[in-house]
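Reproduced below: coords_10.cif, with mmCIF, C-alpha atoms.
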data_entry
loop_
_atom_site.label_atom_id
_atom_site.label_comp_id
_atom_site.auth_asym_id
_atom_site.auth_seq_id
_atom_site.Cartn_x
_atom_site.Cartn_y
_atom_site.Cartn_z
CA MET A 1 -17.84 -26.98 41.08
CA THR A 2 -15.70 -29.27 38.95
CA GLY A 3 -18.68 -31.09 37.47
CA SER A 4 -20.09 -27.88 36.07
CA PHE A 5 -16.72 -26.99 34.54
CA HIS A 6 -16.43 -30.29 32.69
CA VAL A 7 -20.07 -30.43 31.59
CA GLY A 8 -19.84 -26.86 30.25
CA TRP A 9 -16.78 -27.63 28.14
CA ARG A 10 -18.50 -30.74 26.82
CA GLN A 11 -21.17 -28.41 25.47
CA VAL A 12 -18.39 -26.51 23.67
CA ALA A 13 -17.20 -29.77 22.09
CA ILE A 14 -20.76 -30.57 20.99
CA CYS A 15 -21.12 -27.12 19.44
CA PHE A 16 -17.76 -27.53 17.67
CA LEU A 17 -18.95 -30.72 15.98
CA LEU A 18 -22.32 -29.28 15.00
CA LEU A 19 -20.79 -26.14 13.51
CA ALA A 20 -18.37 -28.32 11.54
CA ALA A 21 -21.42 -29.88 9.89
CA THR A 22 -23.35 -26.68 9.17
CA GLY A 23 -20.23 -24.73 8.22
CA MET A 24 -19.64 -27.02 5.28
CA ILE A 25 -22.92 -26.09 3.57
CA ALA A 26 -21.53 -22.86 2.11
CA SER A 27 -17.83 -23.72 2.10
CA THR A 28 -18.29 -26.87 0.02
CA TYR A 29 -21.00 -25.60 -2.32
CA SER A 30 -18.53 -24.69 -5.03
CA ILE A 31 -17.48 -28.36 -5.12
CA ILE A 32 -20.95 -29.84 -5.55
CA ALA A 33 -21.87 -26.89 -7.79
CA VAL A 34 -19.56 -28.29 -10.48
CA PRO A 35 -21.54 -31.53 -11.11
CA ILE A 36 -24.86 -29.77 -10.46
CA GLY A 37 -23.91 -27.14 -13.03
CA ARG A 38 -23.00 -29.82 -15.58
CA GLU A 39 -26.25 -31.66 -14.89
CA PHE A 40 -28.68 -28.74 -15.14
CA GLY A 41 -26.70 -26.14 -17.14
CA PRO A 42 -27.46 -22.86 -15.33
CA SER A 43 -25.27 -19.78 -15.84
CA ARG A 44 -22.62 -19.02 -13.22
CA ALA A 45 -24.82 -16.36 -11.59
CA VAL A 46 -27.90 -18.62 -11.50
CA LEU A 47 -25.85 -21.51 -10.15
CA MET A 48 -24.95 -19.35 -7.14
CA LEU A 49 -28.60 -18.60 -6.39
CA SER A 50 -28.59 -21.66 -4.13
CA MET A 51 -26.56 -19.63 -1.67
CA THR A 52 -28.94 -16.69 -2.03
CA VAL A 53 -31.91 -18.92 -1.27
CA LEU A 54 -30.04 -20.38 1.70
CA SER A 55 -29.25 -16.93 3.09
CA ALA A 56 -32.72 -15.52 2.39
CA THR A 57 -34.47 -18.36 4.16
CA CYS A 58 -32.07 -18.23 7.09
CA ALA A 59 -32.67 -14.48 7.31
CA VAL A 60 -36.40 -15.10 7.62
CA LEU A 61 -36.07 -18.03 10.00
CA SER A 62 -33.34 -16.71 12.31
CA PRO A 63 -35.42 -14.15 14.26
CA PHE A 64 -38.30 -16.60 14.67
CA LEU A 65 -36.15 -19.59 15.63
CA GLY A 66 -33.85 -17.43 17.79
CA ASN A 67 -36.87 -16.27 19.77
CA LEU A 68 -38.04 -19.89 19.99
CA MET A 69 -34.65 -20.90 21.42
CA ASP A 70 -35.22 -18.52 24.35
CA ARG A 71 -38.40 -20.45 25.19
CA VAL A 72 -38.01 -24.05 23.99
CA SER A 73 -35.24 -26.40 25.02
CA LEU A 74 -32.34 -26.67 22.58
CA ARG A 75 -32.25 -30.33 23.50
CA LEU A 76 -35.48 -30.65 21.49
CA LEU A 77 -34.65 -28.24 18.66
CA MET A 78 -31.10 -29.31 17.77
CA PRO A 79 -31.91 -32.92 16.78
CA VAL A 80 -34.43 -31.52 14.30
CA GLY A 81 -31.59 -29.51 12.78
CA GLY A 82 -29.36 -32.57 12.44
CA LEU A 83 -32.10 -34.55 10.71
CA SER A 84 -32.87 -31.64 8.39
CA LEU A 85 -29.21 -31.33 7.35
CA ALA A 86 -28.89 -35.00 6.37
CA ALA A 87 -32.28 -34.98 4.66
CA GLY A 88 -31.23 -31.96 2.59
CA TYR A 89 -28.26 -33.67 0.97
CA LEU A 90 -30.25 -36.85 0.48
CA ALA A 91 -32.95 -34.83 -1.30
CA LEU A 92 -30.34 -33.11 -3.52
CA SER A 93 -29.31 -36.50 -4.82
CA PHE A 94 -32.82 -37.00 -6.24
CA ALA A 95 -33.23 -33.52 -7.77
CA THR A 96 -34.32 -33.52 -11.41
CA SER A 97 -34.11 -29.76 -12.03
CA PHE A 98 -32.23 -26.78 -10.68
CA ASP A 99 -35.49 -25.36 -9.31
CA GLN A 100 -35.65 -28.38 -7.03
CA VAL A 101 -32.08 -27.71 -5.87
CA LEU A 102 -33.14 -24.19 -4.85
CA LEU A 103 -36.20 -25.55 -3.04
CA ILE A 104 -34.11 -28.03 -1.06
CA PHE A 105 -31.67 -25.35 0.06
CA GLY A 106 -34.60 -23.26 1.27
CA THR A 107 -36.71 -25.90 2.99
CA LEU A 108 -34.18 -28.33 4.47
CA LEU A 109 -30.66 -26.92 4.57
CA ALA A 110 -31.63 -23.42 5.73
CA PRO A 111 -33.53 -24.60 8.85
CA ALA A 112 -30.60 -26.87 9.69
CA ASN A 113 -28.21 -23.94 9.36
CA VAL A 114 -30.15 -22.06 12.06
CA LEU A 115 -31.08 -24.91 14.41
CA ILE A 116 -27.53 -26.26 14.77
CA GLY A 117 -25.66 -23.17 13.57
CA PRO A 118 -24.16 -20.08 15.23
CA VAL A 119 -27.46 -18.73 16.58
CA ALA A 120 -28.18 -21.90 18.55
CA VAL A 121 -24.56 -22.23 19.67
CA THR A 122 -24.49 -18.64 20.96
CA VAL A 123 -27.68 -19.17 22.94
CA LEU A 124 -26.38 -22.41 24.47
CA LEU A 125 -22.89 -21.21 25.38
CA THR A 126 -24.11 -17.86 26.73
CA ARG A 127 -25.97 -19.88 29.35
CA TRP A 128 -22.94 -22.00 30.22
CA PHE A 129 -20.22 -19.31 30.26
CA SER A 130 -19.76 -15.72 31.42
CA ARG A 131 -16.12 -14.97 32.30
CA SER A 132 -14.78 -17.49 29.74
CA ARG A 133 -17.39 -16.80 27.10
CA GLY A 134 -14.92 -15.52 24.50
CA ARG A 135 -12.77 -18.63 24.80
CA ALA A 136 -15.77 -20.96 24.69
CA ILE A 137 -17.37 -19.29 21.67
CA GLY A 138 -14.04 -19.03 19.85
CA ILE A 139 -13.34 -22.75 20.23
CA ALA A 140 -16.88 -23.69 19.22
CA ILE A 141 -16.93 -21.39 16.18
CA ALA A 142 -13.63 -22.95 15.09
CA GLY A 143 -15.78 -25.94 14.22
CA ILE A 144 -16.99 -24.04 11.14
CA SER A 145 -13.45 -23.95 9.81
CA ALA A 146 -12.72 -27.51 10.88
CA GLY A 147 -15.70 -28.64 8.82
CA GLY A 148 -14.60 -26.42 5.97
CA PHE A 149 -11.18 -28.12 6.04
CA LEU A 150 -12.37 -31.71 6.38
CA PHE A 151 -15.55 -31.90 4.31
CA PRO A 152 -14.15 -30.62 0.98
CA MET A 153 -11.75 -33.55 1.00
CA ILE A 154 -14.52 -35.96 2.00
CA ILE A 155 -16.89 -34.68 -0.68
CA GLN A 156 -14.24 -34.58 -3.41
CA ALA A 157 -13.21 -38.15 -2.53
CA LEU A 158 -16.85 -39.26 -2.72
CA LEU A 159 -17.28 -37.49 -6.07
CA ASP A 160 -14.08 -39.04 -7.44
CA ALA A 161 -15.23 -42.53 -6.50
CA ASN A 162 -18.95 -42.26 -7.25
CA GLU A 163 -21.50 -40.69 -9.57
CA TRP A 164 -22.49 -37.36 -7.99
CA ARG A 165 -25.93 -38.49 -6.88
CA ASP A 166 -24.50 -41.53 -5.09
CA ALA A 167 -21.82 -39.31 -3.56
CA LEU A 168 -24.45 -37.00 -2.04
CA ARG A 169 -26.37 -39.97 -0.63
CA LEU A 170 -23.23 -41.19 1.07
CA LEU A 171 -22.60 -37.66 2.36
CA ALA A 172 -26.11 -37.58 3.84
CA GLY A 173 -25.29 -40.74 5.79
CA VAL A 174 -22.05 -39.24 7.07
CA LEU A 175 -23.87 -36.10 8.23
CA LEU A 176 -26.60 -38.08 9.99
CA ILE A 177 -24.03 -40.09 11.95
CA TRP A 178 -22.03 -36.93 12.62
CA THR A 179 -24.83 -34.74 13.99
CA LEU A 180 -27.71 -36.70 15.46
CA PRO A 181 -25.88 -38.50 18.31
CA VAL A 182 -24.20 -35.30 19.57
CA THR A 183 -27.43 -33.27 19.52
CA LEU A 184 -28.87 -35.80 21.95
CA LEU A 185 -26.07 -34.92 24.42
CA VAL A 186 -27.01 -31.22 24.60
CA ILE A 187 -27.91 -29.89 28.06
CA ASN A 188 -30.10 -26.83 27.69
CA ARG A 189 -29.03 -24.92 30.84
CA PRO A 190 -26.62 -25.52 33.74
CA SER A 191 -29.60 -25.36 36.10
CA ASP A 192 -31.02 -28.47 34.41
CA ARG A 193 -28.23 -30.40 36.17
CA GLY A 194 -28.06 -28.24 39.31
CA LEU A 195 -24.93 -26.51 37.99
CA HIS A 196 -23.82 -22.92 37.38
CA PRO A 197 -22.00 -21.06 34.55
CA ASP A 198 -18.19 -21.17 34.39
CA GLY A 199 -18.07 -24.02 36.91
CA ASP A 200 -18.89 -21.70 39.82
CA ALA A 201 -20.19 -23.10 43.08
CA ALA A 202 -22.98 -20.50 43.04
CA PRO A 203 -24.46 -18.19 40.41
CA VAL A 204 -22.72 -14.82 40.04
CA VAL A 205 -26.02 -13.14 39.16
CA PRO A 206 -29.55 -14.21 40.07
CA ALA A 207 -31.08 -16.74 37.72
CA ARG A 208 -33.63 -15.37 35.29
CA LYS A 209 -36.92 -17.00 34.51
CA PRO A 210 -37.19 -18.67 31.08
CA GLY A 211 -40.30 -16.67 30.22
CA ASP A 212 -38.59 -13.31 30.72
CA ALA A 213 -37.66 -13.07 27.05
CA ARG A 214 -40.90 -11.15 26.55
CA ALA A 215 -39.88 -8.41 28.99
CA ILE A 216 -37.89 -6.47 26.37
CA PRO A 217 -39.83 -5.31 23.29
CA LEU A 218 -38.45 -5.93 19.83
CA ARG A 219 -38.00 -2.20 19.27
CA GLU A 220 -35.51 -2.06 22.17
CA ILE A 221 -33.22 -4.28 20.10
CA VAL A 222 -33.61 -2.83 16.62
CA THR A 223 -33.45 0.81 17.81
CA ASP A 224 -30.15 0.20 19.57
CA PRO A 225 -27.41 1.79 17.36
CA VAL A 226 -24.94 -0.96 18.22
CA PHE A 227 -27.31 -3.49 16.65
CA TRP A 228 -26.83 -1.84 13.25
CA MET A 229 -23.11 -1.13 13.75
CA LEU A 230 -22.50 -4.79 14.51
CA CYS A 231 -24.60 -5.89 11.55
CA VAL A 232 -22.69 -3.65 9.13
CA THR A 233 -19.16 -4.53 10.24
CA VAL A 234 -19.80 -8.27 10.39
CA ALA A 235 -21.79 -8.30 7.14
CA VAL A 236 -19.03 -6.64 5.11
CA VAL A 237 -16.58 -9.40 5.99
CA THR A 238 -18.87 -12.43 6.10
CA SER A 239 -20.69 -11.59 2.87
CA GLY A 240 -17.39 -11.04 1.10
CA MET A 241 -16.05 -14.34 2.40
CA LYS A 242 -19.19 -16.16 1.34
CA GLY A 243 -19.07 -14.69 -2.15
CA MET A 244 -15.42 -15.67 -2.45
CA ILE A 245 -15.70 -19.22 -1.08
CA THR A 246 -18.82 -20.14 -3.09
CA ASN A 247 -17.08 -19.04 -6.29
CA LEU A 248 -13.61 -20.31 -5.37
CA ALA A 249 -13.61 -23.59 -7.28
CA PRO A 250 -14.87 -22.01 -10.53
CA LEU A 251 -12.36 -19.15 -10.06
CA ALA A 252 -9.50 -21.61 -9.62
CA ILE A 253 -10.56 -23.78 -12.55
CA ASP A 254 -10.79 -20.66 -14.74
CA ASN A 255 -7.12 -20.06 -13.91
CA GLY A 256 -6.00 -23.56 -14.88
CA VAL A 257 -6.24 -25.19 -11.44
CA LEU A 258 -7.42 -28.82 -11.45
CA ALA A 259 -10.71 -29.61 -9.66
CA ARG A 260 -8.97 -31.69 -7.00
CA ASP A 261 -6.57 -28.85 -6.32
CA ALA A 262 -9.49 -26.41 -6.09
CA ALA A 263 -10.79 -28.50 -3.20
CA LYS A 264 -7.38 -28.03 -1.54
CA LEU A 265 -7.84 -24.27 -1.78
CA ILE A 266 -11.12 -24.55 0.13
CA SER A 267 -9.38 -26.64 2.77
CA THR A 268 -6.58 -24.05 2.95
CA TYR A 269 -9.15 -21.32 3.56
CA ALA A 270 -10.81 -23.43 6.25
CA ALA A 271 -7.51 -24.30 7.94
CA CYS A 272 -6.58 -20.61 8.15
CA GLY A 273 -10.06 -19.85 9.48
CA PHE A 274 -9.56 -22.53 12.12
CA ILE A 275 -6.29 -20.90 13.21
CA ALA A 276 -8.10 -17.54 13.35
CA LYS A 277 -10.85 -18.84 15.60
CA ILE A 278 -8.46 -20.61 17.96
CA THR A 279 -6.47 -17.36 18.12
CA PHE A 280 -9.74 -15.59 18.92
CA ALA A 281 -10.41 -18.09 21.70
CA MET A 282 -7.00 -17.37 23.25
CA LEU A 283 -7.15 -13.59 22.94
CA ALA A 284 -10.80 -12.50 23.08
CA ASP A 285 -11.16 -12.34 26.85
CA ARG A 286 -7.82 -10.45 27.12
CA LEU A 287 -7.80 -8.02 24.20
CA GLY A 288 -11.50 -7.35 23.80
CA PRO A 289 -13.55 -7.05 20.61
CA ARG A 290 -12.23 -3.77 19.18
CA VAL A 291 -8.65 -4.88 18.56
CA LEU A 292 -9.84 -8.12 16.99
CA MET A 293 -12.35 -6.29 14.82
CA VAL A 294 -9.70 -3.90 13.48
CA ALA A 295 -7.42 -6.85 12.67
CA ALA A 296 -10.29 -8.69 10.98
CA LEU A 297 -11.30 -5.77 8.76
CA GLY A 298 -7.75 -4.77 7.83
CA GLY A 299 -6.52 -8.28 7.09
CA PHE A 300 -9.67 -9.19 5.17
CA ALA A 301 -9.30 -6.05 3.01
CA THR A 302 -5.69 -6.99 2.25
CA GLY A 303 -6.68 -10.51 1.21
CA MET A 304 -9.47 -9.31 -1.07
CA VAL A 305 -7.23 -6.77 -2.79
CA PHE A 306 -4.55 -9.44 -3.20
CA LEU A 307 -7.03 -11.79 -4.90
CA GLY A 308 -8.25 -8.97 -7.11
CA GLN A 309 -4.74 -8.16 -8.26
CA PHE A 310 -2.78 -11.41 -8.25
CA ALA A 311 -5.20 -14.40 -8.54
CA THR A 312 -3.60 -16.08 -11.56
CA SER A 313 -2.23 -19.40 -10.26
CA PHE A 314 -2.78 -21.98 -7.54
CA TYR A 315 -0.22 -20.45 -5.19
CA SER A 316 -1.28 -16.83 -5.68
CA ILE A 317 -4.92 -17.78 -5.11
CA ALA A 318 -3.90 -19.78 -2.04
CA ALA A 319 -2.06 -16.75 -0.61
CA GLY A 320 -5.10 -14.50 -0.97
CA VAL A 321 -7.43 -17.16 0.38
CA ALA A 322 -5.11 -17.69 3.38
CA LEU A 323 -5.16 -13.97 4.24
CA ILE A 324 -8.94 -13.88 4.08
CA GLY A 325 -9.21 -17.01 6.20
CA LEU A 326 -6.72 -15.84 8.82
CA PHE A 327 -8.05 -12.31 9.31
CA GLY A 328 -11.63 -12.47 8.08
CA GLY A 329 -12.05 -15.58 10.20
CA LEU A 330 -11.62 -13.45 13.32
CA MET A 331 -14.87 -11.66 12.50
CA VAL A 332 -17.06 -14.76 12.55
CA PRO A 333 -17.02 -15.31 16.36
CA LEU A 334 -17.26 -11.57 17.11
CA GLU A 335 -20.99 -11.51 16.42
CA SER A 336 -21.53 -14.21 19.04
CA PHE A 337 -19.05 -12.59 21.45
CA ILE A 338 -20.46 -9.05 21.37
CA ALA A 339 -24.20 -9.80 21.39
CA PRO A 340 -24.29 -11.18 24.98
CA ARG A 341 -22.34 -8.08 26.14
CA VAL A 342 -24.85 -5.70 24.58
CA PHE A 343 -28.14 -7.52 25.21
CA PRO A 344 -29.42 -9.24 28.38
CA GLU A 345 -28.91 -13.00 28.55
CA ARG A 346 -32.64 -13.68 28.63
CA ILE A 347 -33.07 -12.31 25.07
CA VAL A 348 -29.79 -13.40 23.50
CA GLY A 349 -31.64 -15.85 21.26
CA ARG A 350 -33.96 -13.16 19.95
CA ALA A 351 -31.12 -10.63 19.54
CA MET A 352 -28.83 -13.11 17.80
CA GLY A 353 -31.66 -14.21 15.54
CA LEU A 354 -32.30 -10.61 14.49
CA ILE A 355 -28.61 -9.82 14.03
CA THR A 356 -27.98 -12.99 12.07
CA GLY A 357 -31.10 -12.47 9.97
CA THR A 358 -30.07 -8.92 9.13
CA ILE A 359 -26.53 -9.97 8.22
CA LEU A 360 -27.88 -12.78 6.06
CA ILE A 361 -29.77 -10.22 3.99
CA ALA A 362 -26.35 -8.91 2.93
CA LEU A 363 -25.30 -12.47 2.12
CA LEU A 364 -28.25 -12.90 -0.24
CA ALA A 365 -26.60 -11.12 -3.11
CA THR A 366 -22.92 -11.91 -2.85
CA PRO A 367 -22.65 -15.45 -4.30
CA PRO A 368 -24.63 -14.61 -7.48
CA LEU A 369 -23.14 -11.10 -7.53
CA PHE A 370 -19.63 -12.55 -7.70
CA GLY A 371 -20.86 -14.86 -10.48
CA LEU A 372 -22.60 -12.00 -12.29
CA ILE A 373 -19.48 -9.82 -12.22
CA HIS A 374 -17.59 -12.74 -13.75
CA ASP A 375 -20.26 -13.20 -16.41
CA LEU A 376 -20.14 -9.49 -17.31
CA THR A 377 -16.40 -8.80 -17.13
CA GLY A 378 -14.77 -12.22 -17.50
CA SER A 379 -13.06 -11.96 -14.09
CA TYR A 380 -13.71 -11.42 -10.38
CA LYS A 381 -11.25 -8.53 -10.02
CA ALA A 382 -13.81 -5.72 -9.62
CA ILE A 383 -15.79 -7.44 -6.88
CA PHE A 384 -12.64 -8.30 -4.88
CA TRP A 385 -11.50 -4.67 -4.98
CA THR A 386 -14.98 -3.49 -3.98
CA PHE A 387 -15.10 -5.61 -0.84
CA GLY A 388 -11.56 -4.61 0.07
CA GLY A 389 -12.65 -0.98 -0.02
CA LEU A 390 -15.83 -1.63 1.98
CA ALA A 391 -13.83 -3.32 4.74
CA LEU A 392 -11.45 -0.38 5.01
CA ALA A 393 -14.42 2.00 5.21
CA ALA A 394 -15.99 -0.11 7.97
CA LEU A 395 -12.95 0.54 10.18
CA ALA A 396 -14.48 3.95 10.95
CA ILE A 397 -17.36 2.25 12.79
CA VAL A 398 -15.22 0.23 15.21
CA PRO A 399 -14.29 3.01 17.71
CA VAL A 400 -17.92 3.94 18.35
CA ILE A 401 -19.39 0.47 18.89
CA ARG A 402 -20.74 0.24 22.45
CA LEU A 403 -19.58 -2.89 24.28
CA HIS A 404 -21.95 -2.86 27.25
CA ARG A 405 -25.69 -2.96 27.80
CA ARG A 406 -27.53 0.25 27.10
CA GLU A 407 -29.24 0.30 30.50
CA ASP A 408 -25.82 0.31 32.18
CA GLU A 409 -25.03 3.78 30.84
CA PRO A 410 -25.32 6.61 33.40
CA GLY A 411 -28.61 8.47 33.14
CA THR A 412 -30.26 5.72 31.06
CA SER A 413 -33.60 4.36 32.17
CA PRO A 414 -33.46 0.65 32.90
CA LEU A 415 -35.19 -1.81 30.65
CA PRO A 416 -38.28 -3.60 31.96
CA ALA A 417 -37.66 -5.61 35.10
CA GLU A 418 -36.36 -9.11 34.79
#
How would this structure read if it were set down as structure tokens?
Amino acid sequence: MTGSFHVGWRQVAICFLLLAATGMIASTYSIIAVPIGREFGPSRAVLMLSMTVLSATCAVLSPFLGNLMDRVSLRLLMPVGGLSLAAGYLALSFATSFDQVLLIFGTLLAPANVLIGPVAVTVLLTRWFSRSRGRAIGIAIAGISAGGFLFPMIIQALLDANEWRDALRLLAGVLLIWTLPVTLLVINRPSDRGLHPDGDAAPVVPARKPGDARAIPLREIVTDPVFWMLCVTVAVVTSGMKGMITNLAPLAIDNGVLARDAAKLISTYAACGFIAKITFAMLADRLGPRVLMVAALGGFATGMVFLGQFATSFYSIAAGVALIGLFGGLMVPLESFIAPRVFPERIVGRAMGLITGTILIALLATPPLFGLIHDLTGSYKAIFWTFGGLALAALAIVPVIRLHRREDEPGTSPLPAE
């Protein structure tokens, strides 16, 4: 069914563009944090609380909105996310205190990050792909890095040419034009167009009813050991990357790098992350998750240790950032790749919401923690070494992560009927 094939890959392109928009929230914060910090004068640790508020609110919202995505059409939910994203940056331009900045990140940017972020994308693409799911998710998740590469240059150019408040208003317009039209092209399920996943002429497995998400209790998800193993391994890498990227511009400036060159470092990180996710798309369905997870943890640890030891100039910082982007970037799509293997398709939204929410709890502390370590010691060396060690320790978890549904194990009672 050629039509199904093309329509499915159009959904991947839509997800790529949306993730480019939401991915820039964290990756570009260190750029807008510079004028916000000058305007309101918070300490380095307090300045990074915006990222903590973002993660905390997303952690609370993800399980609720993920469950909602199993029941309500994404075609209705995603446009709300696009509007919320643009409204968030518009509201930032009118902030008169740092407390208002924190409020905006919690009430506008956090909901956008869930409604058009990885949780929503995983739910949508799980419906459209089965055999080629790894490739589809890898390409879509690469949008995060594409946005991280493009938007720092856009934002820095806007800041160079305009007062920071005007720059954020222009950015809000760019984001509205970027996101809203593509959210209106989302097709919730292949069956909505009489199509089937992977472009097949007929469904490989019987279609499930939309209301079946209730069939599996919440405890069946959170008592599954692989739920916690996945949360731990992904959280070590993603929280470390978030702490690094949100503090990258101040780190670079502390080492004599010009602000415009600090933006280039963020784009370097994003470009390497893009390469990682495209590599994931090419290899995931062939190699499987374990090999990619080992590479992600090992390479990320190397990059963090490198930054801890050698981050003294533009090029040394760029080298460490590139390692983290190339190898740590492999971990980002793994969450979305493994969850549909472990949990039934009818509850992927709920499972992804819970996984993402749990991982985001780990992300609460890292941006201000990186800033706090700098405030206390005058450098970021200790925190880089700590995350390098945690990643190496997490390698012990990889061999025991189950990569199939629990009810498929011999002698295991099946979950409630679908």
Taking the file as I've supplied it (selection: the PyMOL selection byres ((chain A and resi 319) around 12)), which residues are included? Please answer as a ChimeraX atom specification.
/A:265-266,268-269,272,302-318,320-326
Check which residues satisfy the PyMOL selection byres ((chain A and resi 63) around 12) in the file shown, then give them as a compact mmCIF listing (two decimals) with C-alpha atoms, keeping the file's coordinate frame.
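Output saved as part_1.txt:
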# COMPACT_ATOMS: atom_id res chain seq x y z
CA THR A 57 -34.47 -18.36 4.16
CA CYS A 58 -32.07 -18.23 7.09
CA ALA A 59 -32.67 -14.48 7.31
CA VAL A 60 -36.40 -15.10 7.62
CA LEU A 61 -36.07 -18.03 10.00
CA SER A 62 -33.34 -16.71 12.31
CA PHE A 64 -38.30 -16.60 14.67
CA LEU A 65 -36.15 -19.59 15.63
CA GLY A 66 -33.85 -17.43 17.79
CA ASN A 67 -36.87 -16.27 19.77
CA LEU A 68 -38.04 -19.89 19.99
CA MET A 69 -34.65 -20.90 21.42
CA ASP A 70 -35.22 -18.52 24.35
CA PRO A 111 -33.53 -24.60 8.85
CA VAL A 114 -30.15 -22.06 12.06
CA LEU A 115 -31.08 -24.91 14.41
CA VAL A 119 -27.46 -18.73 16.58
CA ALA A 120 -28.18 -21.90 18.55
CA LEU A 218 -38.45 -5.93 19.83
CA ILE A 221 -33.22 -4.28 20.10
CA VAL A 222 -33.61 -2.83 16.62
CA ILE A 347 -33.07 -12.31 25.07
CA VAL A 348 -29.79 -13.40 23.50
CA GLY A 349 -31.64 -15.85 21.26
CA ARG A 350 -33.96 -13.16 19.95
CA ALA A 351 -31.12 -10.63 19.54
CA MET A 352 -28.83 -13.11 17.80
CA GLY A 353 -31.66 -14.21 15.54
CA LEU A 354 -32.30 -10.61 14.49
CA ILE A 355 -28.61 -9.82 14.03
CA THR A 356 -27.98 -12.99 12.07
CA GLY A 357 -31.10 -12.47 9.97
CA THR A 358 -30.07 -8.92 9.13
CA ILE A 359 -26.53 -9.97 8.22
CA LEU A 360 -27.88 -12.78 6.06
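Here CA of Phe300 in chain A stands at a distance of 25.9 Å from CA of Ile32 in chain A.
CA of Val400 in chain A is positioned 16.9 Å from CA of Phe337 in chain A.
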Report as a tab-separated table: every residue of range 10-73 of chain A with an atom at most 9 Å from range 154-161 of chain A, its closest pair of atoms, and their distance in Å to one decimal, counting only C-alpha atoms, with rows sorted by chain and ascending residue number.
residue	atom	partner	partner_atom	distance
A:Thr28	CA	A:Ile155	CA	8.0
A:Ile31	CA	A:Gln156	CA	7.2
A:Ile32	CA	A:Ile155	CA	8.0
A:Pro35	CA	A:Leu159	CA	8.9
Could you tell me which residues the PyMOL selection byres ((chain A and resi 236) around 12) grabs in this file, written as a PyMOL selection string?
chain A and resi 229-235+237-243+293+296-298+300-301+304+328+331-332+358-363+366+384+386-395+397
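CA of Arg290 in chain A to CA of Gly134 in chain A spans 13.2 Å [interatomic distance, one decimal].
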Write out as an MDAnalysis selection string which residues come within 10 Å of Ser379 in chain A when counting all atoms listed in the file, dropping same-chain ones fewer than 4 positions away.
chainID A and resid 251 254 308 311 370:375 383:384
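Every protein, DNA or RNA residue with an atom at most 12 Å from Leu170 in chain A, where only C-alpha atoms count and chain neighbours fewer than 2 positions away do not, is listed here: Ala86, Ala87, Tyr89, Leu90, Ala91, Leu92, Ser93, Ile154, Ile155, Ala157, Leu158, Leu159, Ala161, Asn162, Glu163, Trp164, Arg165, Asp166, Ala167, Leu168, Ala172, Gly173, Val174, Leu175, Leu176 and Ile177 of chain A.
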Name the residues, using the chain letters and numbers of the file, that sit within 8 Å of (-11.6, -18.6, 26.0) when counting only C-alpha atoms, and give them as a ChimeraX atom specification.
/A:132-139,280-285
Write out as a PyMOL selection string each polymer residue whose atoms come within 10 Å of Trp9 in chain A, counting all atoms listed in the file; drop sequence neighbours fewer than 3 positions from it.
chain A and resi 4-6+12-15+125+128-129+136+139-140+198-199
From the set A:Val101, A:Ile25, A:Leu258, A:Ala112, which residue has the shortest atom-to-atom contact distance to Phe40 in chain A, counting all atoms listed in the file?
A:Val101
Restricting the calculation to all atoms listed in the file: of A:Asn247, A:Pro367, A:Leu180, A:His196, which residue gets closest to Val34 in chain A?
A:Asn247
